[in-house]
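Have a look at entry.cif below; it lists mmCIF, C-alpha atoms.
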```cif
data_input
#
loop_
_atom_site.label_atom_id
_atom_site.label_comp_id
_atom_site.auth_asym_id
_atom_site.auth_seq_id
_atom_site.Cartn_x
_atom_site.Cartn_y
_atom_site.Cartn_z
CA GLU A 20 0.00 0.00 0.00
CA LEU A 21 1.36 3.37 -0.98
CA LYS A 22 1.88 5.75 1.92
CA VAL A 23 2.82 9.39 1.76
CA GLU A 24 4.18 11.06 4.87
CA GLN A 25 4.97 14.70 5.37
CA ASN A 26 6.94 16.34 8.10
CA PRO A 27 6.61 18.46 9.95
CA LEU A 28 2.81 18.56 10.17
CA PHE A 29 2.88 22.02 11.66
CA LEU A 30 5.49 24.70 11.20
CA SER A 31 5.58 28.11 12.80
CA MET A 32 8.31 30.37 11.53
CA GLN A 33 9.37 33.97 11.52
CA GLU A 34 9.29 36.11 8.43
CA GLY A 35 12.61 36.11 6.64
CA LYS A 36 13.62 32.62 7.75
CA ASN A 37 14.24 29.55 5.60
CA TYR A 38 12.77 26.12 6.12
CA THR A 39 12.11 22.82 4.38
CA ILE A 40 9.06 20.55 4.29
CA TYR A 41 9.72 16.87 3.59
CA CYS A 42 7.55 14.38 1.73
CA ASN A 43 8.41 10.66 1.84
CA TYR A 44 6.53 8.02 -0.11
CA SER A 45 6.71 4.28 0.19
CA THR A 46 6.71 2.90 -3.38
CA THR A 47 7.92 4.03 -6.77
CA SER A 48 5.87 6.70 -8.49
CA ASP A 49 6.22 8.49 -11.80
CA ARG A 50 5.30 11.95 -10.63
CA LEU A 51 4.90 14.02 -7.51
CA TYR A 52 2.70 17.05 -6.97
CA TRP A 53 2.73 19.90 -4.48
CA TYR A 54 -0.47 21.76 -3.66
CA ARG A 55 -1.33 24.69 -1.44
CA GLN A 56 -4.60 25.12 0.48
CA ASP A 57 -5.61 28.34 2.21
CA PRO A 58 -8.12 28.10 5.09
CA GLY A 59 -11.62 27.52 3.76
CA LYS A 60 -10.37 27.37 0.19
CA SER A 61 -9.64 24.66 -2.32
CA LEU A 62 -6.31 23.21 -3.41
CA GLU A 63 -4.06 25.18 -5.73
CA SER A 64 -1.44 23.42 -7.81
CA LEU A 65 2.14 24.56 -7.14
CA PHE A 66 4.50 22.09 -8.80
CA VAL A 67 4.62 18.86 -10.75
CA LEU A 68 7.90 16.94 -10.53
CA LEU A 69 8.36 14.36 -13.24
CA SER A 70 11.80 12.83 -12.90
CA ASN A 71 14.65 12.11 -10.56
CA GLY A 72 16.57 15.26 -9.77
CA ALA A 73 13.79 17.55 -10.96
CA VAL A 74 13.85 20.98 -9.39
CA LYS A 75 11.23 23.67 -9.84
CA GLN A 76 11.06 27.14 -8.36
CA GLU A 77 8.33 29.73 -8.12
CA GLY A 78 9.04 32.83 -6.08
CA ARG A 79 10.14 31.86 -2.58
CA LEU A 80 9.24 28.18 -3.04
CA MET A 81 11.48 25.53 -4.53
CA ALA A 82 10.56 21.87 -4.89
CA SER A 83 12.86 18.97 -5.65
CA LEU A 84 12.48 15.24 -6.20
CA ASP A 85 14.78 12.32 -5.43
CA THR A 86 13.06 9.19 -6.74
CA LYS A 87 15.78 6.88 -5.44
CA ALA A 88 15.26 8.09 -1.90
CA ARG A 89 11.49 8.44 -2.53
CA LEU A 90 11.73 11.94 -1.13
CA SER A 91 10.56 15.35 -2.21
CA THR A 92 11.32 18.62 -0.48
CA LEU A 93 9.60 21.98 -0.55
CA HIS A 94 12.04 24.68 0.48
CA ILE A 95 10.84 28.07 1.64
CA THR A 96 13.26 30.97 1.30
CA ALA A 97 12.85 34.16 3.33
CA ALA A 98 9.29 33.39 4.33
CA VAL A 99 6.60 36.05 4.18
CA HIS A 100 3.17 36.08 5.82
CA ASP A 101 1.42 35.40 2.49
CA LEU A 102 2.95 31.93 2.45
CA SER A 103 0.88 30.90 5.46
CA ALA A 104 -1.22 27.95 4.27
CA THR A 105 -1.35 24.17 4.33
CA TYR A 106 0.92 22.43 1.83
CA PHE A 107 0.23 18.95 0.51
CA CYS A 108 2.35 16.59 -1.51
CA ALA A 109 0.74 13.83 -3.57
CA VAL A 110 1.97 10.89 -5.63
CA ASP A 111 0.28 8.75 -8.23
CA MET A 112 -1.04 5.54 -6.70
CA LEU A 113 0.17 3.25 -9.45
CA PRO A 114 2.99 3.15 -11.98
CA GLY A 115 2.07 5.13 -15.02
CA ASN A 116 -0.08 8.19 -15.03
CA THR A 117 -3.36 7.05 -13.56
CA GLY A 118 -4.45 10.24 -11.85
CA LYS A 119 -5.11 8.20 -8.71
CA LEU A 120 -3.31 10.37 -6.21
CA ILE A 121 -2.39 9.60 -2.64
CA PHE A 122 -1.97 12.73 -0.54
CA GLY A 123 0.21 13.39 2.45
CA GLN A 124 -1.33 14.64 5.68
CA GLY A 125 -0.43 18.22 4.89
CA THR A 126 1.95 20.67 6.55
CA THR A 127 0.35 23.76 8.06
CA LEU A 128 2.73 26.68 7.75
CA GLN A 129 2.29 29.74 9.91
CA VAL A 130 4.56 32.67 9.15
CA LYS A 131 4.73 35.26 11.90
CA PRO A 132 5.76 38.88 11.38
CA GLU B 7 -10.89 30.55 -10.06
CA THR B 8 -9.64 27.25 -11.43
CA GLY B 9 -12.44 26.63 -13.93
CA VAL B 10 -14.03 23.96 -11.74
CA THR B 11 -17.29 24.89 -10.01
CA GLN B 12 -19.19 23.00 -7.35
CA THR B 13 -22.71 23.41 -6.00
CA PRO B 14 -23.92 23.70 -3.40
CA ARG B 15 -21.06 25.16 -1.38
CA HIS B 16 -22.66 24.15 1.91
CA LEU B 17 -25.15 21.37 2.61
CA VAL B 18 -26.78 20.17 5.81
CA MET B 19 -28.76 16.95 5.61
CA GLY B 20 -30.34 14.39 7.84
CA MET B 21 -29.40 10.75 7.73
CA THR B 22 -32.57 9.83 5.86
CA ASN B 23 -32.29 12.53 3.19
CA LYS B 24 -31.22 12.13 -0.42
CA LYS B 25 -29.17 14.91 -1.94
CA SER B 26 -26.75 15.41 -4.82
CA LEU B 27 -23.53 17.34 -5.23
CA LYS B 28 -22.72 18.83 -8.63
CA CYS B 29 -19.40 19.58 -10.24
CA GLU B 30 -18.80 21.27 -13.58
CA GLN B 31 -15.50 21.93 -15.28
CA HIS B 32 -14.94 24.53 -17.99
CA LEU B 33 -11.39 23.48 -18.90
CA GLY B 34 -12.05 20.95 -21.64
CA HIS B 35 -10.64 18.14 -19.51
CA ASN B 36 -11.46 14.46 -19.91
CA ALA B 37 -10.98 13.17 -16.38
CA MET B 38 -12.92 14.09 -13.24
CA TYR B 39 -12.51 13.10 -9.62
CA TRP B 40 -14.27 13.13 -6.26
CA TYR B 41 -12.24 13.52 -3.07
CA LYS B 42 -13.22 13.58 0.59
CA GLN B 43 -11.36 15.85 3.01
CA SER B 44 -12.08 15.18 6.67
CA ALA B 45 -10.65 17.02 9.61
CA LYS B 46 -7.24 15.70 10.59
CA LYS B 47 -7.16 13.12 7.78
CA PRO B 48 -5.38 13.17 4.44
CA LEU B 49 -7.36 13.96 1.34
CA GLU B 50 -8.96 10.69 0.16
CA LEU B 51 -9.63 9.82 -3.45
CA MET B 52 -13.16 8.44 -3.87
CA PHE B 53 -13.88 8.07 -7.59
CA VAL B 54 -12.15 8.68 -10.91
CA TYR B 55 -13.87 9.08 -14.27
CA ASN B 56 -11.89 9.21 -17.48
CA PHE B 57 -13.80 9.88 -20.70
CA LYS B 58 -17.04 9.26 -18.73
CA GLU B 59 -15.91 5.79 -17.68
CA GLN B 60 -15.38 5.06 -14.01
CA THR B 61 -11.78 3.91 -13.61
CA GLU B 62 -11.53 3.96 -9.84
CA ASN B 63 -13.81 3.28 -6.89
CA ASN B 64 -11.63 3.52 -3.85
CA SER B 65 -13.72 1.19 -1.66
CA VAL B 66 -16.38 3.85 -1.19
CA PRO B 67 -19.61 2.81 0.60
CA SER B 68 -22.61 2.40 -1.66
CA ARG B 69 -24.42 5.29 0.04
CA PHE B 70 -22.23 7.44 -2.23
CA SER B 71 -23.19 7.04 -5.89
CA PRO B 72 -21.31 8.93 -8.60
CA GLU B 73 -22.64 9.85 -12.02
CA CYS B 74 -20.73 11.29 -14.97
CA PRO B 75 -23.12 12.07 -17.84
CA ASN B 76 -20.42 13.80 -19.90
CA SER B 77 -16.81 14.92 -19.54
CA SER B 78 -17.84 18.31 -18.15
CA HIS B 79 -20.21 17.26 -15.41
CA LEU B 80 -19.87 15.02 -12.38
CA PHE B 81 -22.42 14.30 -9.68
CA LEU B 82 -22.24 12.62 -6.31
CA HIS B 83 -25.58 11.27 -5.15
CA LEU B 84 -25.93 10.88 -1.40
CA HIS B 85 -28.43 8.77 0.54
CA THR B 86 -28.71 7.47 4.10
CA LEU B 87 -25.43 9.07 5.10
CA GLN B 88 -23.86 8.83 8.53
CA PRO B 89 -22.56 11.68 10.72
CA GLU B 90 -19.00 10.49 10.05
CA ASP B 91 -19.57 11.34 6.37
CA SER B 92 -19.51 15.02 7.29
CA ALA B 93 -16.55 16.49 5.41
CA LEU B 94 -15.46 18.75 2.59
CA TYR B 95 -16.09 17.06 -0.75
CA LEU B 96 -13.80 18.25 -3.49
CA CYS B 97 -14.14 17.76 -7.21
CA ALA B 98 -11.17 17.94 -9.55
CA SER B 99 -10.50 17.59 -13.25
CA SER B 100 -7.49 16.99 -15.45
CA GLN B 101 -6.52 16.37 -19.02
CA GLY B 102 -5.81 12.85 -20.15
CA ASP B 103 -5.68 10.26 -22.85
CA PHE B 104 -7.52 7.06 -22.03
CA PRO B 105 -6.45 5.01 -20.08
CA THR B 106 -3.78 7.30 -18.64
CA VAL B 107 -4.15 10.71 -17.12
CA THR B 108 -1.26 12.95 -17.85
CA ASP B 109 -1.82 16.31 -16.26
CA THR B 110 -2.22 18.24 -13.05
CA GLN B 111 -5.56 18.04 -11.31
CA TYR B 112 -7.45 21.30 -10.85
CA PHE B 113 -9.73 21.45 -7.85
CA GLY B 114 -13.08 23.07 -7.30
CA PRO B 115 -13.95 25.06 -4.14
CA GLY B 116 -15.63 22.09 -2.48
CA THR B 117 -18.96 21.37 -0.81
CA ARG B 118 -18.97 21.46 2.99
CA LEU B 119 -21.33 18.64 3.99
CA THR B 120 -22.79 18.25 7.47
CA VAL B 121 -24.82 15.14 8.27
CA LEU B 122 -27.03 15.44 11.34
#
```
Represent the structure contained in this file as structure tokens.
Amino acid sequence: ELKVEQNPLFLSMQEGKNYTIYCNYSTTSDRLYWYRQDPGKSLESLFVLLSNGAVKQEGRLMASLDTKARLSTLHITAAVHDLSATYFCAVDMLPGNTGKLIFGQGTTLQVKP
Amino acid sequence: ETGVTQTPRHLVMGMTNKKSLKCEQHLGHNAMYWYKQSAKKPLELMFVYNFKEQTENNSVPSRFSPECPNSSHLFLHLHTLQPEDSALYLCASSQGDFPTVTDTQYFGPGTRLTVL
């Protein structure tokens, strides 16, 4: 059974600091997704990582994928309050692109002034 | 706005009621999904439809009945629900070529369901 685990589950940080959210998954998968969810809102796609060593950056967020270690990271650089949200990683349940995603528990990020 | 709409946004129902949730996507996608998001639990995939064919039923109880009349519309029919079914129900869509799905899923705003 595919499991996806994120840590930490809750992160409180000061503005301007750097931090990393980790996403481990238990079996091989062809792609990994990162999503953001604001309170009371739906999920917003951030990144799709398609291959080993893939790195994508958007603003203060950078995501990377190590398929051999079955690990993805979401790095936050110089956090600002607007980044406060819950971040989810997700992997495809089966080999190939099935669209059957398994989500991690989510990491709630709170950025304090 | 992601191009995926859901109605109603909030629903309160008794355990003996029958109701339906509606999802519509305006993105020209071929695949649609239902997810359940409960408090303190990971997002759970319920159903997947690809080109109107159901390709996944993730062991969902029969009191939840999906319907996909075309690639743009998806329904979730609810009957004799239990209080533990209270959750946020999210619809998503993505592009794909049968039988694979090759693109990011775009989520609707969700329906907050409360079962009394």
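Excluding A:Lys75 and any residue on its chain fewer than 4 positions from it, the residues at most 10 Å away by only C-alpha atoms are Leu65, Phe66, Val67, Leu68, Leu80, Met81, Ala82, Ser83, Leu84 and Leu93 of chain A.
With atom CA of A:Tyr41 on one side and atom CA of A:Glu24 on the other, the separation reads 8.1 Å.
Of note, atom CA of B:Gly116 and atom CA of B:Leu17 are spaced 10.8 Å apart.
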Name every residue that the PyMOL selection byres ((chain A) within 7 of (chain B)) selects in this structure, writing the answer as a ChimeraX atom specification with chains first and numbers rising.
-> /A:60-62,116-118,120,122-124
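Put simply, the PyMOL selection byres ((chain B and resi 24-34) around 7) in this file takes in B:Gly9, B:Val10, B:Thr11, B:Gln12, B:Thr13, B:Pro14, B:Thr22, B:Asn23, B:His35, B:Asn36, B:Ser78, B:His79, B:Leu80, B:Phe81, B:Leu82, B:His83, B:Leu84, B:His85, B:Thr86, B:Cys97, B:Ser99.
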So how many Å separate atom CA of A:Lys119 and atom CA of A:Tyr54, to one decimal?
-> 15.2 Å
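Shortest separation to A:Thr127 among A:Thr86, A:Asn26, A:Ser48, A:Ser64 occurs at residue A:Asn26, atoms counted being only C-alpha atoms.
Excluding A:Pro132 and any residue on its chain fewer than 3 positions from it, the residues at most 9 Å away by all atoms listed in the file are Met32, Gln33, Glu34, Gly35, Val99 and His100 of chain A.
Applied to the shown file, the PyMOL selection byres ((chain A and resi 89) around 9) selects the residues A:Cys42, A:Asn43, A:Tyr44, A:Ser45, A:Thr46, A:Thr47, A:Ser48, A:Leu84, A:Asp85, A:Thr86, A:Lys87, A:Ala88, A:Leu90, A:Ser91.
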Write the residues you've just listed into a file as a JSON list (two decimals), keeping the file's coordinate frame, and include C-alpha atoms for each of them.
```json
[["chain", "number", "residue", "atom", "x", "y", "z"],
["A", 42, "CYS", "CA", 7.55, 14.38, 1.73],
["A", 43, "ASN", "CA", 8.41, 10.66, 1.84],
["A", 44, "TYR", "CA", 6.53, 8.02, -0.11],
["A", 45, "SER", "CA", 6.71, 4.28, 0.19],
["A", 46, "THR", "CA", 6.71, 2.90, -3.38],
["A", 47, "THR", "CA", 7.92, 4.03, -6.77],
["A", 48, "SER", "CA", 5.87, 6.70, -8.49],
["A", 84, "LEU", "CA", 12.48, 15.24, -6.20],
["A", 85, "ASP", "CA", 14.78, 12.32, -5.43],
["A", 86, "THR", "CA", 13.06, 9.19, -6.74],
["A", 87, "LYS", "CA", 15.78, 6.88, -5.44],
["A", 88, "ALA", "CA", 15.26, 8.09, -1.90],
["A", 90, "LEU", "CA", 11.73, 11.94, -1.13],
["A", 91, "SER", "CA", 10.56, 15.35, -2.21]]
```
Can you pull out every residue within 7 Å of A:Ala104, counting all atoms listed in the file, but drop anything in the same chain fewer than 4 positions away, and send it as a PyMOL selection string?
-> chain A and resi 55-58+127-129
Polymer residues at most 9 Å from A:Leu69, only C-alpha atoms, same-chain spacing of 6 or more positions, as a PyMOL selection string | chain A and resi 49-52+84
